[in-house]
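Undergrad: This is the structure I want to talk about, given as structure tokens.
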Amino acid sequence: MRTIRYIALLIISLNCMLSLQAATILPIDLQCEYLCNPQGIDTPKPRLSWRLAPTDSIGKGQRQTGWHIIVASSPQLLERNAGDIWDSGPVESSQSNHIVYGGDPLISGRKYYWKVRTADESDQWSSWSEAATWQTGLLSADDWKAYWIGSPQATGRKVLSQPEDNTQPDPWFRKSFELDQFPEHAMIYVASIGYHELYINGKRVSDAVLMPSVADHSKRARYITYDVTSLLTTGKNVIALWLGVSWSIYPSYQTEDKPASPIVLAQVDIEFPDGGHRQIITDDTWKTHPSPNRLIGYWDAHHFGGEYYDAMLELPGWNEAGFDDSTWERATVFTPRLIVSAEMCEPNILYQELIPQSIEEIEPGIYRVDMGVNYAGWFQLQFEGNPGDEIKFEFSEWEDKNDSYGIHSIYRIGRQGKGIFCNRFNYMTGRWIRITGLTAKPSVSDIKAWMIHPDYRRTGFFECDIPAFNEIYNTTLWTFENLSLGNYVVDCPHRERRGYGGDALATTRTALGNYGMGAFYTKWMEDWRDVQLPDGDIPYTAPTYQGGGGPSWSGFSVVLPWEMYQQYGDKQLLEISFPTIERWLAFMETKSKDNMLVRWGGKWSFLGDWIWPNAWDERSRMEKQGLALGDTPETLFFNNCVWIHNLELAARIADIIGNGKGERFRSRAGEVRRAIHNKFFNPEDNSYVNGYQAYLAMALASDIPPAELRTKVWERLEYEIKIKRNGHFWGGITAGAYLFHFLLDAGRHDLINLMVGQEDYPGWINMIRKGPGTFFEDWRCNGSALHSSYLYVGSWFIEGLAGIQRPVSGSSHFVIHPWINPDGPTEVKAHYNSMYGSITTHWKRYGNRIEIQVTLPPNTTATVKIVDTDLEVVSGNHSFIMLLDKYNEKGYED
């Protein structure tokens with residue numbers, strides 16, 4: 001190895017739209033509260049955002065210097081540029097995100113039309129953008145006139161002291177009414193405890209599935225707004241609802257003021273051309289009847305089961321206007337004490353259809369379908385058989401097992417001797433489906449399947465010339481997508497379905513760098529605020545309460561708003577979340593002694609790192625000694641580092657929102673920092689506790705080593721990675737996330753590259769080779785095969801190898817700093833569609849020559865770095881070629 005000279009060729013360019021207009025920029029992709037044309041929001045002052053497209057292919061330094069927004073009550077007024085609701089007038093500003101609406105007070109149930117124009121760097125105004133909209137829901141609790149209703153049988157389903165298998169059917173509800181004229185506008189607002197489907201005159205209203213999103217139903221219900229204008233007609237009409245038991249019986253959501261059964265709150269507001277108005281509400285005049293579908297299991301860990309559909313009980317036309325419901329029972333009214341708020345996030349959708357890879361008869365009359373990849377979603381089969389026969393579906397992640405965690409469904413064939421099974425109010429997880437009860441082997445054309453996740457947009461892309469890296473990246477994203485159904489991130493979608501904060505440390509940065517997650521995480525942060533207990537403590541999961549963890553699990557309520565601020569510059573979320581953060585930190589103070597946290601809680605409390613490579617062996621030894629994982633010095637060290645991290649983030653948040661409380665948290669962090677060093681530092685080898693990589697990284701990230709020891713601790717960390725573990729990663733879900741992100745932020749891509757590239761245990765490549773297309777719960781490839789554990793690896797590819805570092809505080813200035821090294825790829829392509837537009841990098845290494853192409857959107861700037869050298873601060877749509885002579889300190893092989 002020797003050092004030789006090389007040349008870096010930098011090409012900054014931008015693919016531009018051609019336009020004849022004077023301004024060099026045009027606003028596009030208008031959003032309201034992170035959503036495109038949202039329907040049914042309940043914030044009184046929504047925030048508006050847009051991206052900018054260039055109109056000049058050869059211009060340089062295109063940027064925004066002003067904006068002008070108009071909001072109108074009709075599309076006709078908007079077309080005439082008449083902002084009767086709000087006309088901001090020209091505003092001198094480069095801001096294009098989170099512009100707070102400043103017009104007349106919004107009215108419930110109204111549609112607002114808006115557009116924006118922008119001034120460029122020469123103060124030339126663009127043409128107006130295309131029109132966008134938002135629809136308000138019900139802005140006040142007083143706007144609700146409807147009553148919560150359920151089936152009469154629900155009165156017997158009280159709070160469960162012990163979970164029991166479900167026996168109640170998913171109920172139907174319907175309400176008939178007549179209209180003497182066509183409506184001009186009709187909106188229906190539906191909140192439900194348990195999933196719901198809405199029908200008008202026999203037609204399904206929405207393609208969204210498994211809605212509404214999961215919420216803490218001991219306190220809150222979220223409603224969905226539907227526009228049903230086109231589905232209503234003159235004469236007789238019917239509104240029909242099909243409710244799923246699902247989350248209505250989840251043990252943690254049971255309260256004395258509502259039944260352990262699905263209930264619904266619905267209100268229809270109809271406006272007529274003559275100015276008339278009619279309102280239809282849920283009350284005791286609605287009719288109800290059991291449906292043919294019911295939940296199998298009792299909707300808790302290991303018992304999410306599936307669905308039993310009895311086609312013998314079908315009532316054709318049950319949701320149509322002409323159906324005779326005279327024998328149906330009247331609905332029962334309930335009075336739960338619930339906050340009812342709008343669903344302001346993307347709905348769950350059938351995201352990707354999957355095709356079976358094989359169907360084989362493994363035993364006489366028993367068939368196994370291989371879907372080719374592990375997934376969470378729906379499975380559908382069309383078949384014929386004998387009336388009354390039961391077809392059983394068992395879903396498994398493992399080829400040689402019948403099912404995973406009891407996930408299975410049953411279909412009983414009706415009188416017609418044929419049927420179609422498909423999930424409705426539950427979902428399956430697995431790759432292999434074992435089917436029994438069929439009279440003939442199914443064909444591929446009989447099967448449909450879909451992965452399900454919220455309709456958030458993909459914003460990141462990565463590809464390089466190392467196939468294993470591409471596979472790790474793609475498997476990471478596929479695994480994450482299968483964990484996000486319900487607008488919160490679960491540990492696994494089959495066994496627990498709980499929103500663990502500790503596991504979220506492993507997924508959030510990857511998600512923010514690859515998807516548009518603003519609405520998703522805003523919703524999930526509301527869940528974390530909801531579950532906070534009166535004493536300030538926060539459960540380890542949200543909105544699901546149950547599950548073990550420790551301070552890093554609960555402390556995710558501090559990390560999440562900070563990550564949102566880093567990615568999107570969302571200051572409002574910091575302000576809303578700060579009281580929760582402050583109460584959490586006050587709670588932790590009650591669990592401290594001598595400037596350190598002390599152990600509290602039961603066996604599954606005060607956990608530290610979780611599932612590092614040899615965790616099960618160490619846990620077994622501890623259990624033989626009568627110890628829990630929370631009792632170790634390593635766990636005490638980890639949790640006190642987490643405390644420092646929470647305090648430091650709280651201090652930064654306090655500084656940003658300007659409440660003057662930052663110094664108090666910062667000072668407290670210093671006291672804890674000194675106490676930790678004094679107790680846990682090992683001067684013999686410059687390590688902390690047992691010297692594991694993750695704990696050394698946490699010490700450095702928390703700034704625990706005094707200045708004179710910091711370099712020595714770094715050296716020890718490098719020794720642990722390169723020598724002690726022979727280049728392998730040695731961390732779990734929680735401490736592993738801190739380790740990985742610390743190395744990423746420190747620019748130690750050499751160490752990350754070494755660890756990610758390992759092909760044997762423990763490593764990501766090893767998991768891929770043993771997996772069903774998703775990542776496992778633990779490094780040994782045991783437990784769940786679709787899990788959140790180690791997905792932090794997904795943040796490295798775009799941020800590190802491609803060099804598109806995440807913005808600081810949602811800034812419009814980016815740092816492009818790719819890791820280009822003989823030990824890594826020779827070609828990388830990537831892009832990240834930021835709040836300002838798409839940033840792309842494409843670099844190639846030809847021996848000693850490097851060619852880099854970078855694309856920036858208008859209204860942004862970037863510092864481009866090659867081999868730790870600042871080349872130039874460049875701005876959007878800036879094109880030039882630059883040569884740089886620089887010695888590579890590590891050298892290149894001849």
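Letters for chains follow the order of the structure tokens (A, B, ...), residue numbers begin at 1 for each chain, and ligand numbers begin at 1 in the order shown.
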Go through segment 394-575 of chain A and collect every residue that DSSP, computed from the backbone, puts in strand (DSSP E); the answer should be as a ChimeraX atom specification.

TA: /A:394-396,408-412,418-422,428-436,447-454,460-464

Undergrad: What's around segment 384-401 of chain A at 10 Å? Count only C-alpha atoms, leave out sequence neighbours fewer than 5 positions away in its own chain, and write the answer as a ChimeraX atom specification.

TA: /A:305-312,366-370,373-375,379,406-421,428-440,442,494,771-774,784-786

Undergrad: Choose the residue, out of A:Ile752, A:Leu198, A:Cys32, A:Ala215, that has the smallest atom-to-atom separation from Thr136 of chain A; count only C-alpha atoms.

TA: A:Cys32

Undergrad: Report as a list in words all protein, DNA and RNA residues lying within 10 Å of Phe177 of chain A, evaluated on only C-alpha atoms, omitting residues in the same chain fewer than 6 positions from it.

TA: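 Near neighbours after the sequence-gap exclusion: Gly235, Lys236, Asn237, Val238, Ile239, Ile280 and Ala321 of chain A.
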
Undergrad: For segment 189-196 of chain A, please output as a list in words all residues within 7 Å (counting only C-alpha atoms; exclusion window: fewer than 2 positions along the same chain).

TA: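 Residues meeting the cut-off are Met187, Leu198, Leu210, Met211, Pro212, His217, Ala221, Arg222, Tyr223, Ile224, Thr225, Tyr226, Leu241, Trp242, Leu243, Gly244, Val245, Ser246, Trp247, Ser248, Pro262, Ile263, Val264, Leu265, Ala266, Gln267, Val268 and Phe425 of chain A.
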
Undergrad: Give me, as a list in words, all polymer residues having an atom no more than 10 Å from segment 737-739 of chain A, counting only C-alpha atoms and skipping those fewer than 5 positions away in the same chain.

TA: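 Returned residues: Gly502, Asp503, Ala504, Leu505, Ala506, Thr507, Arg509, Asp609, Val642, Gln693, Ala694, Tyr695, Leu696, Ala697, Met698, Ala699, Leu700, Ala701, Phe729, Trp730, Gly731, Gly732, Leu744, Ser789, Tyr790, Leu791, Tyr792 and Val793 of chain A.
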
Undergrad: With N, CA and C atoms retained, export the selected residues as a PDB file, in the first residue's frame.

TA:
```
ATOM      1  N   GLY A 502     -38.166   1.383  22.111  1.00  0.00           N
ATOM      2  CA  GLY A 502     -36.791   0.936  21.948  1.00  0.00           C
ATOM      3  C   GLY A 502     -36.531   0.442  20.546  1.00  0.00           C
ATOM      4  N   ASP A 503     -37.451  -0.335  20.019  1.00  0.00           N
ATOM      5  CA  ASP A 503     -37.317  -0.821  18.651  1.00  0.00           C
ATOM      6  C   ASP A 503     -37.346   0.333  17.655  1.00  0.00           C
ATOM      7  N   ALA A 504     -38.108   1.378  17.984  1.00  0.00           N
ATOM      8  CA  ALA A 504     -38.201   2.533  17.085  1.00  0.00           C
ATOM      9  C   ALA A 504     -36.869   3.240  16.924  1.00  0.00           C
ATOM     10  N   LEU A 505     -35.991   3.120  17.909  1.00  0.00           N
ATOM     11  CA  LEU A 505     -34.653   3.697  17.759  1.00  0.00           C
ATOM     12  C   LEU A 505     -33.929   3.078  16.564  1.00  0.00           C
ATOM     13  N   ALA A 506     -34.290   1.826  16.259  1.00  0.00           N
ATOM     14  CA  ALA A 506     -33.627   1.115  15.158  1.00  0.00           C
ATOM     15  C   ALA A 506     -34.235   1.421  13.805  1.00  0.00           C
ATOM     16  N   THR A 507     -35.396   2.074  13.769  1.00  0.00           N
ATOM     17  CA  THR A 507     -36.099   2.239  12.499  1.00  0.00           C
ATOM     18  C   THR A 507     -36.301   3.685  12.066  1.00  0.00           C
ATOM     19  N   ARG A 509     -34.654   6.679  11.887  1.00  0.00           N
ATOM     20  CA  ARG A 509     -33.768   7.413  10.985  1.00  0.00           C
ATOM     21  C   ARG A 509     -33.787   6.806   9.584  1.00  0.00           C
ATOM     22  N   ASP A 609     -29.650  -2.700  26.538  1.00  0.00           N
ATOM     23  CA  ASP A 609     -29.591  -3.210  25.175  1.00  0.00           C
ATOM     24  C   ASP A 609     -30.437  -4.476  25.110  1.00  0.00           C
ATOM     25  N   VAL A 642     -28.651   6.958  28.383  1.00  0.00           N
ATOM     26  CA  VAL A 642     -29.918   7.366  27.785  1.00  0.00           C
ATOM     27  C   VAL A 642     -30.464   8.600  28.502  1.00  0.00           C
ATOM     28  N   GLN A 693     -18.686  -2.800  22.146  1.00  0.00           N
ATOM     29  CA  GLN A 693     -18.686  -1.670  21.194  1.00  0.00           C
ATOM     30  C   GLN A 693     -19.791  -0.662  21.495  1.00  0.00           C
ATOM     31  N   ALA A 694     -20.980  -1.175  21.732  1.00  0.00           N
ATOM     32  CA  ALA A 694     -22.121  -0.278  21.898  1.00  0.00           C
ATOM     33  C   ALA A 694     -21.950   0.628  23.108  1.00  0.00           C
ATOM     34  N   TYR A 695     -21.376   0.112  24.198  1.00  0.00           N
ATOM     35  CA  TYR A 695     -21.221   0.922  25.407  1.00  0.00           C
ATOM     36  C   TYR A 695     -20.113   1.953  25.240  1.00  0.00           C
ATOM     37  N   LEU A 696     -19.070   1.597  24.510  1.00  0.00           N
ATOM     38  CA  LEU A 696     -18.021   2.576  24.225  1.00  0.00           C
ATOM     39  C   LEU A 696     -18.560   3.696  23.343  1.00  0.00           C
ATOM     40  N   ALA A 697     -19.380   3.323  22.364  1.00  0.00           N
ATOM     41  CA  ALA A 697     -19.976   4.334  21.499  1.00  0.00           C
ATOM     42  C   ALA A 697     -20.922   5.235  22.283  1.00  0.00           C
ATOM     43  N   MET A 698     -21.690   4.664  23.200  1.00  0.00           N
ATOM     44  CA  MET A 698     -22.609   5.477  23.992  1.00  0.00           C
ATOM     45  C   MET A 698     -21.850   6.427  24.910  1.00  0.00           C
ATOM     46  N   ALA A 699     -20.722   5.958  25.434  1.00  0.00           N
ATOM     47  CA  ALA A 699     -19.900   6.839  26.269  1.00  0.00           C
ATOM     48  C   ALA A 699     -19.400   8.032  25.457  1.00  0.00           C
ATOM     49  N   LEU A 700     -18.925   7.761  24.255  1.00  0.00           N
ATOM     50  CA  LEU A 700     -18.425   8.839  23.407  1.00  0.00           C
ATOM     51  C   LEU A 700     -19.554   9.745  22.941  1.00  0.00           C
ATOM     52  N   ALA A 701     -20.681   9.160  22.556  1.00  0.00           N
ATOM     53  CA  ALA A 701     -21.810   9.964  22.095  1.00  0.00           C
ATOM     54  C   ALA A 701     -22.365  10.841  23.206  1.00  0.00           C
ATOM     55  N   PHE A 729     -20.245  -6.529  13.880  1.00  0.00           N
ATOM     56  CA  PHE A 729     -21.049  -5.619  14.683  1.00  0.00           C
ATOM     57  C   PHE A 729     -21.465  -6.324  15.966  1.00  0.00           C
ATOM     58  N   TRP A 730     -21.389  -5.611  17.099  1.00  0.00           N
ATOM     59  CA  TRP A 730     -21.701  -6.235  18.380  1.00  0.00           C
ATOM     60  C   TRP A 730     -22.611  -5.314  19.189  1.00  0.00           C
ATOM     61  N   GLY A 731     -23.877  -5.343  18.825  1.00  0.00           N
ATOM     62  CA  GLY A 731     -24.875  -4.551  19.523  1.00  0.00           C
ATOM     63  C   GLY A 731     -26.245  -5.105  19.234  1.00  0.00           C
ATOM     64  N   GLY A 732     -27.220  -4.674  20.018  1.00  0.00           N
ATOM     65  CA  GLY A 732     -28.578  -5.150  19.852  1.00  0.00           C
ATOM     66  C   GLY A 732     -29.483  -4.101  19.244  1.00  0.00           C
ATOM     67  N   LEU A 744     -22.012   6.612  12.215  1.00  0.00           N
ATOM     68  CA  LEU A 744     -22.473   7.307  11.023  1.00  0.00           C
ATOM     69  C   LEU A 744     -22.249   8.806  11.151  1.00  0.00           C
ATOM     70  N   SER A 789     -35.548  -5.196  14.550  1.00  0.00           N
ATOM     71  CA  SER A 789     -34.360  -5.164  15.404  1.00  0.00           C
ATOM     72  C   SER A 789     -33.176  -4.355  14.877  1.00  0.00           C
ATOM     73  N   TYR A 790     -32.733  -4.589  13.667  1.00  0.00           N
ATOM     74  CA  TYR A 790     -31.439  -4.042  13.227  1.00  0.00           C
ATOM     75  C   TYR A 790     -31.571  -3.198  11.959  1.00  0.00           C
ATOM     76  N   LEU A 791     -32.692  -2.523  11.824  1.00  0.00           N
ATOM     77  CA  LEU A 791     -32.950  -1.777  10.590  1.00  0.00           C
ATOM     78  C   LEU A 791     -32.216  -0.446  10.539  1.00  0.00           C
ATOM     79  N   TYR A 792     -31.471  -0.110  11.579  1.00  0.00           N
ATOM     80  CA  TYR A 792     -30.680   1.124  11.520  1.00  0.00           C
ATOM     81  C   TYR A 792     -29.650   1.078  10.402  1.00  0.00           C
ATOM     82  N   VAL A 793     -29.315  -0.111   9.938  1.00  0.00           N
ATOM     83  CA  VAL A 793     -28.356  -0.219   8.833  1.00  0.00           C
ATOM     84  C   VAL A 793     -28.840   0.529   7.597  1.00  0.00           C
TER      85      VAL A 793
END
```

Undergrad: Show which residues sit within 12 Å of Asn319 of chain A, as a list in words. Count only C-alpha atoms, and ignore same-chain residues fewer than 4 positions away.

TA: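 The contact residues come out as Trp172, Phe173, Arg174, Lys175, Ser176, Glu197, Leu198, Tyr199, Ile200, Asn201, Gly202, Lys203, Arg204, Val205, Asn237, Val238, Ile239, Ala240, Leu241, Trp242, Lys287, Thr288, His289, Ser291, Glu314, Leu315, Phe323, Asp324 and Asp325 of chain A.
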
Undergrad: Return the single residue from A:Phe304, A:Val489, A:Pro336, A:Ala131 that is closest to Tyr427 of chain A, with distances computed using only C-alpha atoms.

TA: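 The closest residue to Tyr427 of chain A is A:Phe304.
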
Undergrad: Looking at A:Ala586, A:Ile149, A:Leu647, A:Val713, which one is nearest to His677 of chain A, with distances taken over only C-alpha atoms?

TA: A:Val713

Undergrad: What are the nearest atom pairs, with distances in Å to one decimal, for all residues of segment 436-529 of chain A that come at most 9 Å from segment 559-579 of chain A, using only C-alpha atoms, set out by chain and rising residue number as CSV?

TA:
```
residue,atom,partner,partner_atom,distance
A:Ala504,CA,A:Leu560,CA,8.9
A:Leu505,CA,A:Val559,CA,8.3
A:Thr508,CA,A:Leu560,CA,7.9
A:Arg509,CA,A:Glu563,CA,7.5
A:Leu512,CA,A:Gln567,CA,7.0
A:Gly513,CA,A:Gln567,CA,8.1
A:Met517,CA,A:Met564,CA,8.8
A:Gly518,CA,A:Met564,CA,7.3
A:Tyr521,CA,A:Met564,CA,7.7
A:Thr522,CA,A:Leu573,CA,7.4
A:Trp524,CA,A:Leu560,CA,9.0
A:Met525,CA,A:Leu560,CA,7.1
A:Glu526,CA,A:Ser577,CA,8.4
A:Arg529,CA,A:Ser577,CA,7.3
```

Undergrad: Generate a file of the selected residues that holds N, CA, C and O atoms, formatted as a tab-separated table (two decimals), in the first residue's frame.

TA:
```tsv
chain	number	residue	atom	x	y	z
A	504	ALA	N	-38.11	1.38	17.98
A	504	ALA	CA	-38.20	2.53	17.08
A	504	ALA	C	-36.87	3.24	16.92
A	504	ALA	O	-36.63	3.90	15.90
A	505	LEU	N	-35.99	3.12	17.91
A	505	LEU	CA	-34.65	3.70	17.76
A	505	LEU	C	-33.93	3.08	16.56
A	505	LEU	O	-33.08	3.72	15.94
A	508	THR	N	-36.35	4.63	12.99
A	508	THR	CA	-36.84	5.97	12.67
A	508	THR	C	-35.95	6.70	11.68
A	508	THR	O	-36.44	7.30	10.71
A	509	ARG	N	-34.65	6.68	11.89
A	509	ARG	CA	-33.77	7.41	10.99
A	509	ARG	C	-33.79	6.81	9.58
A	509	ARG	O	-33.78	7.53	8.58
A	512	LEU	N	-37.17	7.97	8.01
A	512	LEU	CA	-37.19	9.38	7.63
A	512	LEU	C	-36.33	9.65	6.40
A	512	LEU	O	-36.62	10.55	5.62
A	513	GLY	N	-35.29	8.87	6.20
A	513	GLY	CA	-34.42	9.06	5.06
A	513	GLY	C	-34.90	8.41	3.78
A	513	GLY	O	-34.31	8.63	2.72
A	517	MET	N	-42.52	10.73	5.97
A	517	MET	CA	-43.11	10.23	7.21
A	517	MET	C	-43.63	11.34	8.12
A	517	MET	O	-43.89	11.10	9.30
A	518	GLY	N	-43.81	12.55	7.59
A	518	GLY	CA	-44.21	13.65	8.44
A	518	GLY	C	-45.54	13.41	9.13
A	518	GLY	O	-45.67	13.57	10.36
A	521	TYR	N	-45.38	10.17	11.65
A	521	TYR	CA	-44.75	10.35	12.95
A	521	TYR	C	-45.42	11.43	13.78
A	521	TYR	O	-45.36	11.40	15.02
A	522	THR	N	-46.09	12.39	13.15
A	522	THR	CA	-46.89	13.35	13.92
A	522	THR	C	-48.01	12.63	14.65
A	522	THR	O	-48.28	12.89	15.83
A	524	TRP	N	-47.96	9.38	15.43
A	524	TRP	CA	-47.41	8.47	16.46
A	524	TRP	C	-46.97	9.26	17.69
A	524	TRP	O	-47.10	8.78	18.81
A	525	MET	N	-46.48	10.49	17.51
A	525	MET	CA	-46.09	11.27	18.67
A	525	MET	C	-47.32	11.63	19.51
A	525	MET	O	-47.23	11.69	20.73
A	526	GLU	N	-48.46	11.83	18.87
A	526	GLU	CA	-49.69	12.05	19.63
A	526	GLU	C	-50.01	10.83	20.47
A	526	GLU	O	-50.46	10.94	21.63
A	529	ARG	N	-47.92	10.94	23.57
A	529	ARG	CA	-48.45	11.89	24.55
A	529	ARG	C	-49.68	11.30	25.25
A	529	ARG	O	-49.88	11.49	26.46
```

Undergrad: Kindly provide the residues of segment 355-473 of chain A that approach segment 339-345 of chain A to within 12 Å, each paired with its closest atom pair and their distance in Å to one decimal, based on only C-alpha atoms, listed by chain and increasing number, as CSV.

TA:
```
residue,atom,partner,partner_atom,distance
A:His453,CA,A:Cys345,CA,11.9
A:Pro454,CA,A:Cys345,CA,8.3
A:Asp455,CA,A:Cys345,CA,8.7
A:Tyr456,CA,A:Cys345,CA,8.6
A:Arg457,CA,A:Cys345,CA,11.8
```

Undergrad: Could you check how far atom CA of Ala301 of chain A sits from atom CA of Tyr253 of chain A, in Å to one decimal?

TA: 14.2 Å

Undergrad: Just how far from atom CA of Gly103 of chain A is atom CA of Ile70 of chain A, in Å to one decimal?

TA: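 A separation of 9.1 Å between them.
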
Undergrad: For Gln168 of chain A, work out the shell of residues within 9 Å, counting only C-alpha atoms and skipping chain neighbours fewer than 6 positions away, then give it as number ranges by chain.

TA: A: 153-154, 245, 261, 290, 294-295

Undergrad: Output all heavy atoms of each residue in that selection to a file, as a compact mmCIF listing (two decimals), in the first residue's frame.

TA:
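selection.txt, freshly written:
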```txt
# COMPACT_ATOMS: atom_id res chain seq x y z
N GLN A 153 -75.81 -7.01 21.93
CA GLN A 153 -74.98 -8.02 22.60
C GLN A 153 -73.75 -7.40 23.26
O GLN A 153 -73.15 -7.99 24.15
CB GLN A 153 -74.54 -9.09 21.59
CG GLN A 153 -75.67 -9.98 21.07
CD GLN A 153 -76.54 -9.28 20.04
OE1 GLN A 153 -76.11 -8.32 19.41
NE2 GLN A 153 -77.76 -9.76 19.87
N ALA A 154 -73.40 -6.20 22.82
CA ALA A 154 -72.21 -5.55 23.37
C ALA A 154 -72.37 -5.23 24.84
O ALA A 154 -71.39 -5.11 25.57
CB ALA A 154 -71.90 -4.27 22.60
N VAL A 245 -64.19 -6.47 15.19
CA VAL A 245 -63.92 -6.52 16.64
C VAL A 245 -62.53 -5.97 16.94
O VAL A 245 -62.35 -5.06 17.74
CB VAL A 245 -64.08 -7.95 17.18
CG1 VAL A 245 -63.54 -8.08 18.60
CG2 VAL A 245 -65.55 -8.35 17.15
N SER A 261 -66.39 -4.33 22.88
CA SER A 261 -67.00 -4.66 21.60
C SER A 261 -66.84 -3.47 20.67
O SER A 261 -66.63 -2.34 21.14
CB SER A 261 -68.51 -4.95 21.76
OG SER A 261 -68.73 -6.08 22.56
N PRO A 290 -75.68 -9.48 13.27
CA PRO A 290 -74.36 -10.12 13.18
C PRO A 290 -73.98 -10.38 11.73
O PRO A 290 -74.81 -10.80 10.92
CB PRO A 290 -74.53 -11.42 13.95
CG PRO A 290 -75.73 -11.21 14.81
CD PRO A 290 -76.64 -10.29 14.04
N ARG A 294 -66.07 -13.24 11.99
CA ARG A 294 -65.68 -12.96 13.38
C ARG A 294 -64.18 -13.16 13.55
O ARG A 294 -63.53 -13.88 12.78
CB ARG A 294 -66.45 -13.83 14.37
CG ARG A 294 -66.12 -15.31 14.32
CD ARG A 294 -66.80 -16.05 15.47
NE ARG A 294 -66.68 -17.49 15.35
CZ ARG A 294 -65.63 -18.20 15.79
NH1 ARG A 294 -64.60 -17.57 16.36
NH2 ARG A 294 -65.60 -19.51 15.63
N LEU A 295 -63.66 -12.52 14.57
CA LEU A 295 -62.25 -12.64 14.93
C LEU A 295 -61.97 -13.98 15.58
O LEU A 295 -62.76 -14.45 16.41
CB LEU A 295 -61.87 -11.50 15.89
CG LEU A 295 -60.53 -11.63 16.62
CD1 LEU A 295 -59.37 -11.41 15.65
CD2 LEU A 295 -60.45 -10.65 17.78
```

Undergrad: Enter the distance from atom CA of Arg845 of chain A to atom CA of Gly803 of chain A, in Å, rounded to one decimal.

TA: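 Pair atom CA of Arg845 of chain A / atom CA of Gly803 of chain A returns 14.5 Å.
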
Undergrad: Could you check the closest approach to Thr285 of chain A for each of A:Leu856, A:Val333, A:Val531, A:Ile704 and tell me which residue wins, using only C-alpha atoms?

TA: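 Closest to Thr285 of chain A, using only C-alpha atoms: A:Val333.
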